[in-house]
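S.K.: Data: input_2.pdb, PDB, C-alpha atoms, pLDDT in the B column.
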```pdb
ATOM      1  CA  MET A   1      -1.281   4.226 -11.318  1.00 87.00           C
ATOM      2  CA  PHE A   2      -0.398   5.599  -7.918  1.00 91.00           C
ATOM      3  CA  ASP A   3       2.399   5.072  -5.418  1.00 89.00           C
ATOM      4  CA  PRO A   4       0.980   2.809  -2.676  1.00 91.00           C
ATOM      5  CA  TYR A   5       3.060   4.476   0.047  1.00 89.00           C
ATOM      6  CA  THR A   6       2.619   8.172  -0.775  1.00 88.00           C
ATOM      7  CA  GLY A   7      -0.542   8.272  -2.916  1.00 89.00           C
ATOM      8  CA  ALA A   8       1.226  10.362  -5.573  1.00 87.00           C
ATOM      9  CA  ALA A   9       0.389   9.759  -9.225  1.00 88.00           C
ATOM     10  CA  LEU A  10       3.049   7.789 -11.113  1.00 85.00           C
ATOM     11  CA  ASP A  11       3.212   9.642 -14.399  1.00 82.00           C
ATOM     12  CA  GLY A  12       6.616   8.387 -15.500  1.00 72.00           C
ATOM     13  CA  GLY A  13       8.530  11.198 -13.821  1.00 66.00           C
ATOM     14  CA  ALA A  14      10.462  11.098 -10.604  1.00 65.00           C
ATOM     15  CA  GLY A  15       7.905  10.778  -7.843  1.00 64.00           C
ATOM     16  CA  PRO A  16       8.255  11.802  -4.224  1.00 70.00           C
ATOM     17  CA  ALA A  17      10.701   9.850  -2.098  1.00 79.00           C
ATOM     18  CA  ARG A  18       9.226   6.861  -0.302  1.00 81.00           C
ATOM     19  CA  PRO A  19       9.446   6.772   3.487  1.00 83.00           C
ATOM     20  CA  ARG A  20      12.492   4.843   4.752  1.00 87.00           C
ATOM     21  CA  ALA A  21      10.310   2.223   6.473  1.00 86.00           C
ATOM     22  CA  ALA A  22       8.570   1.507   3.155  1.00 83.00           C
ATOM     23  CA  GLN A  23      11.931   1.155   1.398  1.00 83.00           C
ATOM     24  CA  LEU A  24      12.953  -1.448   3.979  1.00 85.00           C
ATOM     25  CA  GLY A  25       9.677  -3.348   3.613  1.00 80.00           C
ATOM     26  CA  LEU A  26       8.533  -2.538   7.146  1.00 84.00           C
ATOM     27  CA  GLU A  27       5.499  -0.423   6.229  1.00 90.00           C
ATOM     28  CA  PRO A  28       2.305  -1.672   4.550  1.00 92.00           C
ATOM     29  CA  PRO A  29       0.891   0.322   1.635  1.00 93.00           C
ATOM     30  CA  ARG A  30      -1.476   3.081   2.777  1.00 94.00           C
ATOM     31  CA  PHE A  31      -2.910   4.098  -0.629  1.00 95.00           C
ATOM     32  CA  CYS A  32      -4.542   2.067  -3.402  1.00 96.00           C
ATOM     33  CA  ALA A  33      -2.148   1.609  -6.337  1.00 93.00           C
ATOM     34  CA  GLN A  34      -5.079   1.659  -8.790  1.00 95.00           C
ATOM     35  CA  CYS A  35      -6.999   4.752  -7.700  1.00 95.00           C
ATOM     36  CA  GLY A  36      -4.847   6.553  -5.098  1.00 94.00           C
ATOM     37  CA  ARG A  37      -7.513   6.432  -2.382  1.00 96.00           C
ATOM     38  CA  ARG A  38      -6.487   6.058   1.241  1.00 97.00           C
ATOM     39  CA  MET A  39      -7.010   2.459   2.409  1.00 97.00           C
ATOM     40  CA  ILE A  40      -8.072   0.959   5.716  1.00 97.00           C
ATOM     41  CA  VAL A  41      -5.003  -0.872   7.067  1.00 97.00           C
ATOM     42  CA  GLN A  42      -4.885  -3.465   9.856  1.00 96.00           C
ATOM     43  CA  ILE A  43      -1.514  -4.620  11.170  1.00 93.00           C
ATOM     44  CA  ALA A  44      -1.201  -7.928  13.055  1.00 91.00           C
ATOM     45  CA  PRO A  45       1.823  -9.784  14.475  1.00 90.00           C
ATOM     46  CA  ASP A  46       1.805 -12.214  11.539  1.00 89.00           C
ATOM     47  CA  GLY A  47       1.175  -9.698   8.718  1.00 90.00           C
ATOM     48  CA  TRP A  48      -1.214  -6.990   7.560  1.00 93.00           C
ATOM     49  CA  TRP A  49      -4.186  -6.371   5.270  1.00 95.00           C
ATOM     50  CA  ALA A  50      -5.326  -3.230   3.495  1.00 96.00           C
ATOM     51  CA  ARG A  51      -8.762  -2.562   1.981  1.00 97.00           C
ATOM     52  CA  CYS A  52      -9.695  -0.072  -0.734  1.00 96.00           C
ATOM     53  CA  SER A  53     -13.393   0.803  -0.845  1.00 95.00           C
ATOM     54  CA  ARG A  54     -13.318   0.445  -4.652  1.00 96.00           C
ATOM     55  CA  HIS A  55     -10.778  -2.301  -5.378  1.00 95.00           C
ATOM     56  CA  GLY A  56     -10.968  -4.740  -2.485  1.00 95.00           C
ATOM     57  CA  THR A  57      -8.443  -6.194  -0.070  1.00 95.00           C
ATOM     58  CA  ILE A  58      -4.777  -7.076  -0.337  1.00 93.00           C
ATOM     59  CA  ASP A  59      -2.710  -8.717   2.381  1.00 91.00           C
ATOM     60  CA  SER A  60       0.944  -9.180   3.242  1.00 88.00           C
ATOM     61  CA  ALA A  61       1.080 -12.728   1.822  1.00 85.00           C
ATOM     62  CA  LEU A  62      -0.271 -11.540  -1.554  1.00 74.00           C
ATOM     63  CA  HIS A  63       1.954  -8.455  -1.536  1.00 68.00           C
ATOM     64  CA  GLU A  64       5.134 -10.516  -0.879  1.00 66.00           C
ATOM     65  CA  GLN A  65       4.482 -12.674  -3.955  1.00 65.00           C
ATOM     66  CA  ARG A  66       4.997  -9.661  -6.249  1.00 60.00           C
TER      67      ARG A  66
END
```
So, in terms of C-alpha coordinates, how does the structure I just supplied come out?

M.R.:
Amino acid sequence: MFDPYTGAALDGGAGPARPRAAQLGLEPPRFCAQCGRRMIVQIAPDGWWARCSRHGTIDSALHEQR
(Lines of atoms letter the chains of each structure in order from A and count residues from 1; the text may use other names and numbers.)
(Lines give C-alpha, C1' and ligand atoms only; values in the text may rest on other atoms or scores of the structure.)
Protein backbone atom coordinates (compact mmCIF):
# COMPACT_ATOMS: atom_id res chain seq x y z
CA MET A 1 0.00 0.00 0.00
CA PHE A 2 1.11 3.52 -0.80
CA ASP A 3 0.19 6.99 0.39
CA PRO A 4 -2.06 8.50 -2.32
CA TYR A 5 -0.74 12.02 -1.72
CA THR A 6 3.02 11.43 -1.48
CA GLY A 7 3.54 8.05 -3.18
CA ALA A 8 5.57 6.77 -0.22
CA ALA A 9 5.23 3.13 0.79
CA LEU A 10 3.10 2.58 3.90
CA ASP A 11 5.09 -0.04 5.75
CA GLY A 12 3.56 0.52 9.18
CA GLY A 13 6.08 3.16 10.21
CA ALA A 14 5.63 6.89 10.32
CA GLY A 15 5.43 8.04 6.73
CA PRO A 16 6.24 11.46 5.34
CA ALA A 17 3.95 14.31 6.32
CA ARG A 18 1.04 14.90 3.97
CA PRO A 19 0.74 18.30 2.31
CA ARG A 20 -1.54 20.69 4.23
CA ALA A 21 -4.01 20.90 1.33
CA ALA A 22 -4.39 17.11 1.38
CA GLN A 23 -4.99 17.16 5.14
CA LEU A 24 -7.80 19.66 4.61
CA GLY A 25 -9.35 17.60 1.82
CA LEU A 26 -8.60 20.21 -0.85
CA GLU A 27 -6.15 18.14 -2.91
CA PRO A 28 -7.00 15.03 -4.96
CA PRO A 29 -4.73 11.99 -4.65
CA ARG A 30 -1.81 12.10 -7.09
CA PHE A 31 -0.49 8.53 -6.62
CA CYS A 32 -2.21 5.15 -6.83
CA ALA A 33 -2.76 3.69 -3.34
CA GLN A 34 -2.30 0.15 -4.70
CA CYS A 35 0.91 0.46 -6.71
CA GLY A 36 2.36 3.93 -5.99
CA ARG A 37 2.37 5.01 -9.64
CA ARG A 38 1.72 8.63 -10.53
CA MET A 39 -1.86 9.07 -11.78
CA ILE A 40 -3.41 11.31 -14.40
CA VAL A 41 -5.60 13.79 -12.50
CA GLN A 42 -8.33 16.05 -13.92
CA ILE A 43 -9.87 18.71 -11.69
CA ALA A 44 -13.28 20.20 -12.54
CA PRO A 45 -15.50 22.72 -10.71
CA ASP A 46 -17.77 19.93 -9.45
CA GLY A 47 -15.07 17.39 -8.47
CA TRP A 48 -12.08 15.48 -9.82
CA TRP A 49 -11.06 12.11 -11.26
CA ALA A 50 -7.74 10.30 -11.19
CA ARG A 51 -6.66 7.40 -13.41
CA CYS A 52 -3.96 4.81 -12.75
CA SER A 53 -2.72 3.01 -15.86
CA ARG A 54 -2.89 -0.31 -13.97
CA HIS A 55 -5.84 0.03 -11.58
CA GLY A 56 -8.38 2.24 -13.30
CA THR A 57 -10.20 5.43 -12.37
CA ILE A 58 -11.42 6.88 -9.10
CA ASP A 59 -13.39 10.09 -8.72
CA SER A 60 -14.26 12.55 -5.98
CA ALA A 61 -17.73 11.06 -5.40
CA LEU A 62 -16.25 7.57 -4.86
CA HIS A 63 -13.40 8.93 -2.73
CA GLU A 64 -15.80 10.85 -0.41
CA GLN A 65 -17.73 7.65 0.38
CA ARG A 66 -14.67 6.17 2.14

S.K.: Quick one, how far is atom CA of Pro16 of chain A from atom CA of Ala61 of chain A?

M.R.: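 If I compute the distance from atom CA of Pro16 of chain A to atom CA of Ala61 of chain A, I get 26.3 Å.
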
S.K.: Could you please determine the separation between atom CA of Phe31 of chain A and atom CA of Leu62 of chain A in Å, to one decimal place?

M.R.: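 Straight-line distance from atom CA of Phe31 of chain A to atom CA of Leu62 of chain A works out to 15.9 Å.
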
S.K.: Work out how far atom CA of Gly36 of chain A is from atom CA of Ala8 of chain A, in Å to one decimal.

M.R.: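 Between these atoms lies a distance of 7.2 Å.
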
S.K.: Here's the selection I'm unsure about, the PyMOL selection byres ((chain A and resi 49) around 10); applied to the file above, which residues does it give, as a list in words?

M.R.: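 Answer for the PyMOL selection byres ((chain A and resi 49) around 10): Pro28, Pro29, Met39, Ile40, Val41, Gln42, Ile43, Ala44, Gly47, Trp48, Ala50, Arg51, Thr57, Ile58, Asp59, Ser60, Ala61, Leu62 and His63 of chain A.
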
S.K.: Can you list, as a list in words, every protein, DNA or RNA residue that comes within 12 Å of Asp3 of chain A when you count all atoms listed in the file, leaving out same-chain residues fewer than 4 positions away?

M.R.: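 Skipping anything fewer than 4 positions along the chain leaves Gly7, Ala8, Ala9, Leu10, Asp11, Gly12, Ala14, Gly15, Pro16, Ala17, Arg18, Pro19, Ala22, Pro29, Arg30, Phe31, Cys32, Ala33, Gln34, Cys35, Gly36, Arg37 and Arg38 of chain A.
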